[in-house]
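A.B. asks: Sending over input.tsv (TSV, C-alpha atoms).
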```tsv
chain	number	residue	atom	x	y	z
A	1	MET	CA	163.60	-47.90	-24.31
A	2	THR	CA	163.90	-46.97	-27.99
A	3	THR	CA	162.95	-43.80	-29.76
A	4	ASP	CA	161.69	-43.39	-33.25
A	5	SER	CA	164.32	-41.35	-35.10
A	6	THR	CA	161.72	-40.32	-37.66
A	7	ALA	CA	159.27	-38.89	-35.11
A	8	VAL	CA	160.68	-35.37	-35.17
A	9	PRO	CA	160.79	-35.14	-39.00
A	10	ARG	CA	157.23	-36.46	-39.16
A	11	ARG	CA	156.03	-33.85	-36.65
A	12	ALA	CA	157.86	-31.14	-38.59
A	13	ALA	CA	156.27	-32.34	-41.82
A	14	ARG	CA	152.81	-32.26	-40.25
A	15	TRP	CA	153.45	-28.77	-38.86
A	16	TRP	CA	154.58	-27.50	-42.28
A	17	ALA	CA	151.80	-29.21	-44.23
A	18	GLY	CA	149.23	-26.47	-43.62
A	19	PRO	CA	151.47	-23.45	-44.36
A	20	GLY	CA	153.05	-25.34	-47.25
A	21	ARG	CA	149.67	-25.89	-48.90
A	22	LEU	CA	148.76	-22.24	-48.40
A	23	LEU	CA	151.99	-21.01	-49.97
A	24	ALA	CA	151.74	-23.47	-52.85
A	25	ALA	CA	148.18	-22.34	-53.56
A	26	ALA	CA	149.25	-18.68	-53.36
A	27	ALA	CA	152.24	-19.09	-55.69
A	28	PRO	CA	150.41	-18.10	-58.93
A	29	ALA	CA	148.88	-15.03	-57.27
A	30	VAL	CA	152.17	-13.99	-55.67
A	31	GLY	CA	153.94	-14.53	-58.99
A	32	ALA	CA	151.42	-12.36	-60.84
A	33	TYR	CA	151.68	-9.73	-58.14
A	34	ALA	CA	155.49	-9.77	-58.27
A	35	ALA	CA	155.39	-9.32	-62.05
A	36	VAL	CA	153.08	-6.32	-61.73
A	37	ARG	CA	155.16	-4.65	-59.04
A	38	LEU	CA	158.46	-5.50	-60.73
A	39	THR	CA	157.23	-3.59	-63.76
A	40	GLY	CA	156.54	-0.58	-61.58
A	41	PHE	CA	159.89	-0.87	-59.85
A	42	LEU	CA	161.80	-1.08	-63.14
A	43	ALA	CA	159.99	2.01	-64.41
A	44	VAL	CA	160.94	3.97	-61.28
A	45	ALA	CA	164.52	2.65	-61.42
A	46	ALA	CA	164.90	3.54	-65.10
A	47	TYR	CA	163.65	7.07	-64.54
A	48	ALA	CA	165.86	7.47	-61.47
A	49	TRP	CA	168.97	6.34	-63.36
A	50	ALA	CA	168.08	8.56	-66.31
A	51	THR	CA	167.94	11.59	-64.00
A	52	GLY	CA	171.13	10.73	-62.12
A	53	LYS	CA	169.46	9.40	-58.95
A	54	ALA	CA	169.95	6.09	-57.17
A	55	PRO	CA	166.79	3.91	-57.10
A	56	SER	CA	167.58	2.93	-53.50
A	57	ALA	CA	167.50	6.61	-52.52
A	58	VAL	CA	164.21	7.22	-54.33
A	59	LEU	CA	162.52	4.15	-52.82
A	60	GLY	CA	164.23	4.04	-49.45
A	61	HIS	CA	164.91	7.66	-48.52
A	62	SER	CA	162.00	9.74	-49.83
A	63	TRP	CA	159.23	11.45	-47.89
A	64	ASP	CA	158.26	9.42	-44.79
A	65	ALA	CA	161.00	6.88	-45.49
A	66	ARG	CA	163.54	9.48	-44.35
A	67	TRP	CA	161.89	9.61	-40.94
A	68	TYR	CA	161.99	5.83	-40.58
A	69	VAL	CA	165.69	5.77	-41.49
A	70	SER	CA	166.36	8.52	-38.94
A	71	ILE	CA	164.55	6.56	-36.21
A	72	ALA	CA	166.40	3.38	-37.13
A	73	ALA	CA	169.74	5.21	-36.99
A	74	HIS	CA	169.30	7.45	-33.96
A	75	GLY	CA	166.14	6.40	-32.13
A	76	TYR	CA	163.25	8.71	-31.37
A	77	GLY	CA	163.65	12.36	-30.48
A	78	THR	CA	163.92	14.26	-33.77
A	79	THR	CA	161.67	17.27	-34.38
A	80	ARG	CA	161.62	19.31	-37.58
A	81	SER	CA	159.51	22.45	-37.92
A	82	GLY	CA	157.47	21.37	-34.92
A	83	GLU	CA	156.80	17.89	-36.37
A	84	SER	CA	158.03	15.05	-34.17
A	85	ASP	CA	159.16	11.58	-35.24
A	86	LEU	CA	156.96	10.20	-32.44
A	87	ALA	CA	154.17	10.21	-35.04
A	88	PHE	CA	155.80	7.17	-36.68
A	89	PHE	CA	155.23	3.71	-35.24
A	90	PRO	CA	158.27	1.58	-34.38
A	91	LEU	CA	157.99	-1.75	-36.21
A	92	LEU	CA	159.53	-0.73	-39.54
A	93	PRO	CA	162.48	1.18	-38.01
A	94	ALA	CA	163.16	-1.82	-35.78
A	95	LEU	CA	163.21	-4.10	-38.83
A	96	GLU	CA	165.47	-1.70	-40.70
A	97	ARG	CA	167.91	-1.62	-37.80
A	98	GLY	CA	167.86	-5.40	-37.46
A	99	LEU	CA	168.31	-6.13	-41.17
A	100	ALA	CA	171.10	-3.58	-41.54
A	101	THR	CA	172.84	-5.17	-38.55
A	102	VAL	CA	172.85	-8.74	-39.88
A	103	LEU	CA	173.06	-8.04	-43.63
A	104	PRO	CA	175.45	-5.87	-45.66
A	105	LEU	CA	172.77	-3.27	-46.33
A	106	SER	CA	172.37	0.42	-45.66
A	107	LEU	CA	169.33	1.47	-43.66
A	108	PRO	CA	167.42	2.67	-46.76
A	109	GLN	CA	168.17	-0.63	-48.50
A	110	ALA	CA	167.06	-2.54	-45.41
A	111	GLY	CA	163.81	-0.55	-45.47
A	112	ILE	CA	163.25	-1.45	-49.11
A	113	LEU	CA	163.89	-5.13	-48.35
A	114	ALA	CA	161.38	-4.97	-45.48
A	115	GLY	CA	158.87	-3.30	-47.80
A	116	TRP	CA	159.30	-5.92	-50.51
A	117	ALA	CA	159.10	-8.81	-48.06
A	118	GLY	CA	155.99	-7.27	-46.53
A	119	ALA	CA	154.43	-6.84	-49.96
A	120	LEU	CA	154.96	-10.50	-50.91
A	121	ALA	CA	153.68	-11.64	-47.52
A	122	ALA	CA	150.67	-9.35	-47.97
A	123	ALA	CA	149.96	-10.82	-51.41
A	124	ALA	CA	150.03	-14.33	-49.93
A	125	GLY	CA	147.81	-13.30	-47.01
A	126	ILE	CA	145.30	-11.52	-49.24
A	127	HIS	CA	145.17	-14.62	-51.43
A	128	ALA	CA	144.58	-16.83	-48.40
A	129	VAL	CA	141.62	-14.71	-47.27
A	130	GLY	CA	140.17	-14.44	-50.78
A	131	ARG	CA	140.57	-18.16	-51.49
A	132	HIS	CA	138.95	-19.08	-48.19
A	133	LEU	CA	135.90	-16.96	-49.01
A	134	TYR	CA	135.54	-16.99	-52.80
A	135	GLY	CA	137.87	-19.58	-54.32
A	136	GLY	CA	141.22	-19.52	-56.06
A	137	ALA	CA	140.38	-17.61	-59.25
A	138	THR	CA	138.82	-14.65	-57.46
A	139	ALA	CA	141.67	-14.67	-54.94
A	140	ILE	CA	144.24	-14.27	-57.71
A	141	TRP	CA	142.44	-11.26	-59.14
A	142	LEU	CA	142.07	-9.82	-55.65
A	143	VAL	CA	145.85	-9.88	-55.27
A	144	VAL	CA	146.44	-8.45	-58.73
A	145	LEU	CA	144.02	-5.59	-58.14
A	146	TRP	CA	145.73	-4.79	-54.84
A	147	GLY	CA	149.01	-4.64	-56.76
A	148	LEU	CA	147.42	-2.22	-59.24
A	149	TRP	CA	146.33	0.23	-56.54
A	150	PRO	CA	146.84	3.75	-57.95
A	151	ASN	CA	149.84	4.51	-55.75
A	152	ALA	CA	150.95	0.90	-55.39
A	153	VAL	CA	154.53	2.08	-55.82
A	154	VAL	CA	154.38	2.62	-52.04
A	155	GLN	CA	154.11	-1.15	-51.60
A	156	THR	CA	157.74	-1.54	-52.66
A	157	MET	CA	159.09	1.50	-50.84
A	158	ALA	CA	160.46	1.72	-47.31
A	159	TYR	CA	156.94	2.46	-46.10
A	160	THR	CA	154.70	0.64	-43.64
A	161	GLU	CA	151.58	-0.07	-45.71
A	162	SER	CA	152.77	-3.44	-47.04
A	163	LEU	CA	153.92	-4.53	-43.61
A	164	MET	CA	150.61	-3.63	-42.00
A	165	THR	CA	148.61	-5.24	-44.80
A	166	ALA	CA	150.58	-8.48	-44.46
A	167	LEU	CA	150.10	-8.69	-40.71
A	168	SER	CA	146.43	-7.72	-40.94
A	169	ALA	CA	145.63	-10.11	-43.80
A	170	TRP	CA	147.15	-13.06	-41.99
A	171	ALA	CA	145.45	-12.01	-38.74
A	172	LEU	CA	142.12	-11.99	-40.58
A	173	TYR	CA	142.84	-15.38	-42.10
A	174	ALA	CA	143.71	-16.70	-38.64
A	175	VAL	CA	140.38	-15.38	-37.33
A	176	LEU	CA	138.45	-16.97	-40.20
A	177	THR	CA	140.09	-20.35	-39.56
A	178	GLY	CA	139.92	-20.29	-35.76
A	179	ARG	CA	143.62	-19.79	-35.05
A	180	TRP	CA	143.05	-17.43	-32.17
A	181	LEU	CA	146.56	-17.03	-30.75
A	182	TRP	CA	147.95	-16.33	-34.20
A	183	ALA	CA	145.19	-13.80	-34.81
A	184	GLY	CA	145.88	-11.93	-31.57
A	185	SER	CA	149.66	-11.97	-32.02
A	186	LEU	CA	149.57	-10.77	-35.63
A	187	ALA	CA	147.08	-8.02	-34.75
A	188	LEU	CA	149.41	-6.94	-31.94
A	189	LEU	CA	152.24	-6.53	-34.47
A	190	ALA	CA	149.96	-4.74	-36.93
A	191	GLY	CA	149.23	-2.26	-34.16
A	192	LEU	CA	152.95	-1.52	-33.91
A	193	SER	CA	153.25	-0.79	-37.62
A	194	ARG	CA	150.94	2.15	-38.33
A	195	PRO	CA	148.50	4.53	-36.60
A	196	ASN	CA	145.57	2.78	-38.30
A	197	GLY	CA	146.94	-0.64	-37.38
A	198	PHE	CA	144.34	-0.86	-34.61
A	199	ALA	CA	141.87	-1.92	-37.32
A	200	ALA	CA	143.25	-5.47	-37.16
A	201	ALA	CA	142.73	-5.51	-33.39
A	202	ALA	CA	139.15	-4.28	-33.89
A	203	ALA	CA	138.52	-7.21	-36.23
A	204	VAL	CA	139.95	-9.74	-33.76
A	205	LEU	CA	137.97	-8.25	-30.87
A	206	THR	CA	134.78	-8.41	-32.92
A	207	ALA	CA	135.39	-12.00	-33.97
A	208	ALA	CA	136.16	-13.14	-30.43
A	209	ALA	CA	133.11	-11.39	-29.01
A	210	ALA	CA	130.87	-12.95	-31.65
A	211	ALA	CA	132.34	-16.41	-31.05
A	212	LEU	CA	131.88	-16.16	-27.30
A	213	TRP	CA	128.32	-14.91	-27.70
A	214	ARG	CA	127.19	-17.51	-30.24
A	215	ASP	CA	128.92	-20.58	-28.85
A	216	PRO	CA	128.96	-20.89	-25.04
A	217	GLU	CA	131.30	-23.89	-25.34
A	218	ARG	CA	134.05	-21.62	-26.60
A	219	ARG	CA	134.01	-19.73	-23.32
A	220	ARG	CA	136.04	-22.61	-21.92
A	221	ASP	CA	138.79	-22.12	-24.51
A	222	PRO	CA	141.47	-19.76	-23.12
A	223	ARG	CA	142.72	-19.01	-26.63
A	224	VAL	CA	139.48	-17.26	-27.52
A	225	TRP	CA	139.98	-15.00	-24.52
A	226	ALA	CA	143.69	-14.52	-25.14
A	227	ALA	CA	143.28	-13.28	-28.71
A	228	PRO	CA	141.30	-10.10	-27.89
A	229	ALA	CA	143.58	-9.48	-24.92
A	230	LEU	CA	146.70	-9.61	-27.12
A	231	ALA	CA	145.36	-7.88	-30.22
A	232	PRO	CA	145.29	-4.22	-29.07
A	233	LEU	CA	148.46	-4.34	-26.96
A	234	GLY	CA	150.87	-3.19	-29.67
A	235	TRP	CA	148.91	-0.08	-30.59
A	236	LEU	CA	148.06	0.75	-26.98
A	237	ALA	CA	151.63	0.23	-25.79
A	238	TYR	CA	153.11	2.62	-28.33
A	239	VAL	CA	150.46	5.29	-27.76
A	240	ALA	CA	151.00	4.98	-24.00
A	241	TRP	CA	154.78	5.23	-24.43
A	242	VAL	CA	154.44	8.38	-26.52
A	243	GLY	CA	152.22	9.76	-23.78
A	244	THR	CA	155.05	9.33	-21.29
A	245	ARG	CA	157.35	11.22	-23.68
A	246	SER	CA	154.96	14.05	-24.49
A	247	GLY	CA	153.28	14.92	-21.24
A	248	GLY	CA	150.05	12.97	-20.92
A	249	PRO	CA	147.97	9.93	-21.94
A	250	LEU	CA	146.73	11.77	-25.05
A	251	GLY	CA	150.20	12.92	-26.01
A	252	TYR	CA	150.25	10.89	-29.23
A	253	PHE	CA	147.23	12.75	-30.55
A	254	ALA	CA	148.91	16.06	-29.72
A	255	VAL	CA	151.89	14.90	-31.78
A	256	GLN	CA	149.57	14.14	-34.68
A	257	ARG	CA	147.92	17.55	-34.41
A	258	ALA	CA	151.34	19.17	-34.76
A	259	TRP	CA	151.53	17.41	-38.13
A	260	GLY	CA	148.10	18.78	-39.02
A	261	SER	CA	146.43	15.38	-38.62
A	262	GLN	CA	143.26	15.16	-36.59
A	263	PHE	CA	139.86	13.55	-36.86
A	264	ASP	CA	137.20	16.03	-38.01
A	265	PHE	CA	134.53	13.56	-39.24
A	266	GLY	CA	135.37	14.22	-42.89
A	267	ARG	CA	134.90	17.99	-42.97
A	268	TYR	CA	138.37	18.63	-44.40
A	269	ASN	CA	137.94	16.06	-47.17
A	270	VAL	CA	134.49	17.30	-48.16
A	271	GLU	CA	135.74	20.88	-48.37
A	272	TYR	CA	138.73	19.75	-50.39
A	273	LEU	CA	136.50	17.87	-52.84
A	274	LEU	CA	134.34	20.96	-53.32
A	275	ARG	CA	137.43	23.10	-54.00
A	276	LEU	CA	138.57	20.66	-56.67
A	277	LEU	CA	135.35	21.35	-58.59
A	278	THR	CA	136.32	24.98	-59.10
A	279	GLN	CA	140.11	25.16	-58.77
A	280	PRO	CA	142.94	23.46	-60.67
A	281	ALA	CA	144.92	20.87	-58.76
A	282	LEU	CA	147.74	18.35	-59.07
A	283	PRO	CA	147.20	14.87	-60.57
A	284	ALA	CA	147.73	13.27	-57.15
A	285	GLN	CA	144.89	15.31	-55.71
A	286	TYR	CA	142.45	14.36	-58.47
A	287	LEU	CA	143.29	10.69	-58.04
A	288	ALA	CA	142.88	11.02	-54.28
A	289	ALA	CA	139.47	12.60	-54.86
A	290	LEU	CA	138.44	9.62	-56.97
A	291	THR	CA	139.52	7.28	-54.16
A	292	VAL	CA	137.70	9.31	-51.50
A	293	VAL	CA	134.50	9.06	-53.50
A	294	ALA	CA	134.92	5.38	-54.43
A	295	ALA	CA	135.85	4.06	-50.98
A	296	PRO	CA	132.41	4.52	-49.32
A	297	ALA	CA	130.73	2.97	-52.36
A	298	ALA	CA	133.10	0.00	-52.19
A	299	LEU	CA	132.35	-0.40	-48.48
A	300	VAL	CA	128.60	-0.44	-49.15
A	301	LEU	CA	129.06	-3.06	-51.86
A	302	LEU	CA	131.20	-5.12	-49.50
A	303	VAL	CA	128.54	-5.02	-46.79
A	304	ARG	CA	125.92	-6.13	-49.31
A	305	GLU	CA	128.04	-9.21	-50.03
A	306	ARG	CA	127.68	-10.16	-46.33
A	307	PRO	CA	131.25	-11.31	-45.73
A	308	PRO	CA	132.33	-12.36	-42.23
A	309	LEU	CA	131.85	-9.52	-39.76
A	310	PRO	CA	135.57	-9.11	-38.88
A	311	LEU	CA	136.34	-8.14	-42.49
A	312	VAL	CA	133.58	-5.53	-42.46
A	313	ILE	CA	134.81	-4.09	-39.17
A	314	TYR	CA	138.41	-4.01	-40.40
A	315	SER	CA	137.50	-2.29	-43.67
A	316	ALA	CA	135.06	0.13	-42.05
A	317	ALA	CA	137.64	1.18	-39.43
A	318	LEU	CA	140.23	1.93	-42.11
A	319	THR	CA	137.71	3.78	-44.27
A	320	VAL	CA	136.45	5.92	-41.40
A	321	VAL	CA	139.99	6.86	-40.36
A	322	ALA	CA	141.06	7.65	-43.93
A	323	LEU	CA	138.00	9.73	-44.81
A	324	GLY	CA	137.40	11.28	-41.41
A	325	GLY	CA	140.92	12.59	-40.90
A	326	ALA	CA	142.17	16.03	-41.87
A	327	HIS	CA	145.30	17.02	-43.82
A	328	PHE	CA	147.40	15.10	-46.38
A	329	PHE	CA	144.55	14.80	-48.88
A	330	SER	CA	146.76	13.33	-51.61
A	331	SER	CA	147.74	10.48	-49.26
A	332	ARG	CA	144.18	9.17	-48.83
A	333	PRO	CA	144.72	6.30	-51.32
A	334	ARG	CA	147.75	5.19	-49.31
A	335	PHE	CA	145.80	5.30	-46.04
A	336	LEU	CA	143.19	3.04	-47.64
A	337	MET	CA	145.70	0.62	-49.15
A	338	PRO	CA	145.53	-1.94	-46.30
A	339	ALA	CA	141.73	-2.13	-46.74
A	340	PHE	CA	142.00	-4.88	-49.36
A	341	PRO	CA	138.49	-6.33	-48.63
A	342	LEU	CA	137.12	-3.23	-50.40
A	343	LEU	CA	138.35	-4.91	-53.60
A	344	PHE	CA	136.31	-8.10	-53.12
A	345	VAL	CA	133.41	-7.05	-55.35
A	346	ALA	CA	135.72	-5.73	-58.07
A	347	ALA	CA	137.78	-8.95	-57.98
A	348	ARG	CA	134.68	-11.10	-58.40
A	349	TRP	CA	133.52	-8.92	-61.30
A	350	VAL	CA	136.89	-9.09	-63.05
A	351	CYS	CA	137.00	-12.85	-62.52
A	352	ARG	CA	133.63	-13.25	-64.27
A	353	ALA	CA	134.31	-10.72	-67.03
A	354	ARG	CA	135.12	-11.80	-70.57
A	355	PRO	CA	138.80	-11.75	-71.55
A	356	CYS	CA	138.09	-9.06	-74.15
A	357	VAL	CA	136.96	-6.79	-71.29
A	358	ARG	CA	139.26	-8.01	-68.55
A	359	LEU	CA	142.62	-7.81	-70.31
A	360	PRO	CA	142.37	-4.21	-71.61
A	361	LEU	CA	141.02	-3.08	-68.26
A	362	VAL	CA	143.85	-4.68	-66.29
A	363	ALA	CA	146.46	-3.47	-68.78
A	364	GLY	CA	145.11	0.06	-68.51
A	365	CYS	CA	145.18	-0.06	-64.70
A	366	ALA	CA	148.74	-1.41	-64.80
A	367	GLY	CA	149.84	1.39	-67.10
A	368	LEU	CA	148.16	4.04	-64.94
A	369	SER	CA	149.66	2.63	-61.75
A	370	THR	CA	153.15	2.51	-63.29
A	371	VAL	CA	153.08	6.02	-64.74
A	372	TYR	CA	151.53	7.45	-61.62
A	373	GLY	CA	154.09	5.75	-59.43
A	374	VAL	CA	156.94	7.28	-61.41
A	375	HIS	CA	155.23	10.67	-61.21
A	376	LEU	CA	154.80	10.44	-57.43
A	377	LEU	CA	158.46	9.69	-56.79
A	378	THR	CA	160.06	11.95	-59.36
A	379	ALA	CA	157.84	14.92	-60.18
A	380	SER	CA	155.09	15.28	-57.59
A	381	SER	CA	155.35	18.00	-54.95
A	382	VAL	CA	153.05	16.15	-52.54
A	383	ALA	CA	153.71	13.00	-50.53
A	384	PRO	CA	152.53	9.67	-52.00
```
Translate the structure described by the file into structure tokens.

C.D. replies:
Amino acid sequence: MTTDSTAVPRRAARWWAGPGRLLAAAAPAVGAYAAVRLTGFLAVAAYAWATGKAPSAVLGHSWDARWYVSIAAHGYGTTRSGESDLAFFPLLPALERGLATVLPLSLPQAGILAGWAGALAAAAGIHAVGRHLYGGATAIWLVVLWGLWPNAVVQTMAYTESLMTALSAWALYAVLTGRWLWAGSLALLAGLSRPNGFAAAAAVLTAAAAALWRDPERRRDPRVWAAPALAPLGWLAYVAWVGTRSGGPLGYFAVQRAWGSQFDFGRYNVEYLLRLLTQPALPAQYLAALTVVAAPAALVLLVRERPPLPLVIYSAALTVVALGGAHFFSSRPRFLMPAFPLLFVAARWVCRARPCVRLPLVAGCAGLSTVYGVHLLTASSVAP
């Protein structure tokens, strides 16, 4: 009996063909995104050096990043001024610990590497979703606009937004292309990354329910059942574990209340917006106000485009959580950052716009994002 020595390489080539085509198609978008974010990083690094600070400390050990480093170094159990580190989900600290173990990196540097890798993976995933729905040109502008988010500096910090966006974008792409086990597994990981990571699971659950309802033949496919079973497990497992540490099944929400975070159906944000009309505020708060006002409008425009239902559910869940939660008003743009489908309409408009309109607009957004990013990390008194 003889074996074909080329069988394994041929199978490997077939397996890689699909992902290889996706990555090749995404290369221009990822390159443009990297150029945009590299500009922002260099601006932050230059300012940090000029003021005697290390860029790795600014990007990897500021604000929430300090909590992630602490968890990676010592595990959970730290409380400061009544605020517990149990509020922070475990995926990023686990990556920091793993990277710092196998690479010659400090924990803050490992967090930055995880953030950068997540950002590039997010850019590729966003491009895959946009290209699948609207074509390559619109997909490129979708990625660029995501990279020009007002506080996009967070995308290259040791923060979780890029990681969650990457996992969610690829989960959504898997749903759109019928890769059910990938969709459920990626949504599970997204649920371990951030408190609002359950939005990816909501999208997978919606897609599976719709598929099972519309096509009875799919009820025989165990993968369609497995995806919604897997998708929420990450988020539910962490919330349940925190409950065992804090005295009850709703313990995680008690931890969040100690931070001042709770869901009040938008009352806090409405009152904050009204105060901004009569009282002076910081630049971060004005920009957050603009985002709070623009997000519902962007969601309405998205719904009018009639994209696949999972994308609407995903975006609506993130928008409701961001606008319905109390406290940390200046962080609202960051909470909305994973909701990249909200940029679909803007990306299509920019793609169709004349170069004489498009180029100044994009350059202006790039300048604002860069300057604002430097401000957030060097001069702002509120968290990004």

A.B. asks: So, with only C-alpha atoms as the atoms that count, which of A:Ile71, A:Tyr47, A:Val144, A:Phe344 lies closest to Ala32 (chain A)?

C.D. replies: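 Of A:Ile71, A:Tyr47, A:Val144, A:Phe344, the one nearest Ala32 (chain A), counting only C-alpha atoms, is A:Val144.
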
A.B. asks: For CA of Ala208 (chain A) and CA of Thr138 (chain A), determine how far apart the two atoms are, in Å to one decimal place.

C.D. replies: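 We find that CA of Ala208 (chain A) and CA of Thr138 (chain A) lie 27.2 Å from each other.
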
A.B. asks: Between A:Ala353, A:Met337, A:Ala258, A:Leu343, which has the minimum distance to Gly82 (chain A) (counting only C-alpha atoms)?

C.D. replies: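 The shortest atom-to-atom distance to Gly82 (chain A) comes from A:Ala258.
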
A.B. asks: Would you list the contacts of Tyr314 (chain A) as a ChimeraX atom specification, taking every protein, DNA or RNA residue within 8 Å and counting all atoms listed in the file, but skipping same-chain residues closer than 6 positions in sequence?

C.D. replies: /A:199-200,202-203,339

A.B. asks: For each of A:Arg245, A:Arg97, A:Arg37, A:Arg267, take the minimum atom-to-atom distance to Thr156 (chain A), counting all atoms listed in the file, then give the residue where this is smallest.

C.D. replies: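 Smallest separation from Thr156 (chain A) among the options: A:Arg37.
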
A.B. asks: Expressed in Å to a single decimal, how great is the separation between CA of Thr291 (chain A) and CA of Tyr159 (chain A)?

C.D. replies: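 That distance, rounded to one decimal, is 19.8 Å.
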
A.B. asks: May I have a table of the residues of region 42-80 of chain A lying at most 12 Å from region 357-371 of chain A, giving each one's closest pair of atoms and their distance in Å to one decimal, counting all atoms listed in the file, ordered by chain and ascending residue number, as a tab-separated table?

C.D. replies:
```
residue	atom	partner	partner_atom	distance
A:Leu42	CA	A:Thr370	CA	9.4
A:Ala43	CA	A:Thr370	CA	6.9
A:Val44	CA	A:Thr370	CA	8.2
A:Ala45	CA	A:Thr370	CA	11.5
A:Ala46	CA	A:Thr370	CA	11.9
A:Tyr47	CA	A:Val371	CA	10.6
```

A.B. asks: With distances taken over all atoms listed in the file, which of A:Tyr76, A:Trp67, A:Trp49, A:Tyr33 is nearest to Leu107 (chain A)?

C.D. replies: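 So, comparing all the options, the nearest one is A:Trp67.
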
A.B. asks: Kindly give the distance, in Å, that separates CA of Leu105 (chain A) and CA of Val154 (chain A), rounded to a single decimal.

C.D. replies: 20.1 Å
